[in-house]
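Beneath this line is the structure, given in structure tokens, with notes to follow.
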Amino acid sequence: MRPVPPPAPPVPRAPAVDLAEAEEFLRLFHAENRVEGPIQQRLARMRYEVETTGTYRHTPDELAYGAKVAWRNSARCIGRLYWRSLKVRDLRDVHTVSGVAAHCVEHLRMATNGGKIRPVISIFPPETPQRPAPRIWNEQLIRYAGYRNPDGSVLGDPRYTRFTEAVTGFGWRAPARRSGFDPLPLVVETREEGAHMFALPPDAVHEVPMTHPDLPWFAELGLRWHAVPVISNMRLSIGGVSYPAAPFNGWYMGTEIGARNFGDTDRYDLVPVVAQRLGLDTSRENTLWRDRAMVELNRAVLHSYQQAGVTITDHHTESHRFLTHLAKEESAGRKCPVDWSWIVPPMSGSQTPVFHRYYDEEAPGPNYFGDEEATRRALSGGPPHFT
């Protein structure tokens, strides 16, 4: 564990909870769950807490329900069919950096589940007027380092070169033999302790080596990826209460790795590499060499995860599942918020049924939100949130 300097400007106190938002959530909770006792008693207790402290505490059942509904309402997620299966870990009494880090590691082990990925969320203390909540700097619990070479090229993930440089400056030591897939340390920050780094233990980072069903040379590329995508820098908002540290995961859709992490030009940019190994004509665009290489890259991802016994889904299957979720929501009398640009897969979009329709865009609460400050820390490694 190593401290991370320097301090940031003072952080303002969290505003008081909005009573209307809190009441709306509690009424929704009572309407969709079998709750003993009249709702008026619960509302009166909530108002008293807000009037005296500026916030209120969710019951364990309210917290679990709120986290699940936040997934149900998440307009950018195509995998919401299984929102009810989310395992909610109530960690609201964990206030130390070491405690948060230890539970993040336990989250990884629990979610990995020997390859049969489980949707899990770990909810740490909320933001209150009396005490600010912990922060997790990382964009996901597992992300790979990006090492900038003298010629300007990058070994690893270019998205995280600045974060890698920052944590190296704070004292993180890269492996003696660097690779393109070195897990970065977790950085956890609290007001009382500041920011500290924690290395992820190897047994918590389950990785899948990449092979191809038809191309033996693909394994020579030395590619791999981690099994569980645990998003860790989004803010969970439930009934006016904000939880800035609430890492959560589902399982990967293949295109997230093959088309985006491996395929994006500002990430691993592997499409030209695969095209060259395939012997494709890359001298002009109309040979569609990019498309052909992209397909083989994504075939390799799906094949590799299936061979390793790790849960993954393809974009065609998941698109049909999403329409099943949409139909269920409509039959329940609920709107299903959708951000079309995120729901439509990054390859073969028009071949999926989610492409050919319009959606409701307004996203109600509870929900998950990003913020500019959290994104800046996740990409730049600072500045710290607390003084």
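Residues are named by chain letter and number: chains run A, B, ... in the order of the structure tokens, numbers start at 1 in each chain, and ligands are numbered from 1 in the order shown.
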Residues near Trp71 in chain A, cut-off 9 Å, only C-alpha atoms, skip fewer than 4 positions along chain, as a VMD selection string: chain A and resid 66 to 67 75 77 80 83 to 84 86 366 to 368
Can you pull out the residues contacting range 301-307 of chain A? Cut-off 7 Å, using only C-alpha atoms, and skip same-chain residues under 3 positions away; I want them as number ranges by chain. A: 208-213, 254, 258, 297-298, 310-312
Using DSSP secondary structure from the backbone, list all strand (DSSP E) positions within range 123-349 of chain A, as an MDAnalysis selection string. chainID A and resid 123 135:136 146:148 154:156 186:190 194:198 207:209 224:226 230:231 235:238 241:243 248:249 252:253 312:313
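When only C-alpha atoms are used to measure the gap to Ala20 in chain A, the shortest distance among A:Gly239, A:Gly279, A:Gly365, A:Pro158 belongs to A:Gly239.
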Determine, counting only C-alpha atoms, which protein, DNA and RNA residues have an atom within 8 Å of an atom of range 131-140 of chain A; residues of the same chain fewer than 2 positions away are not included. Present the result as a ChimeraX atom specification. /A:13-14,95,97,124-129,142-143,186-191,229-233,243-245,247,374-375,377-379,381-382,385
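DSSP secondary structure from the backbone places Ala102, His103, Cys104, Val105, Glu106, His107, Leu108, Arg109, Met110, Ala111, Thr112, Asn113, Gly114, Gly115, Pro158, Arg159, Tyr160, Thr161, Arg162, Phe163, Thr164, Glu165, Ala166 and Val167 of chain A of range 102-167 of chain A in helix (DSSP H, G or I).
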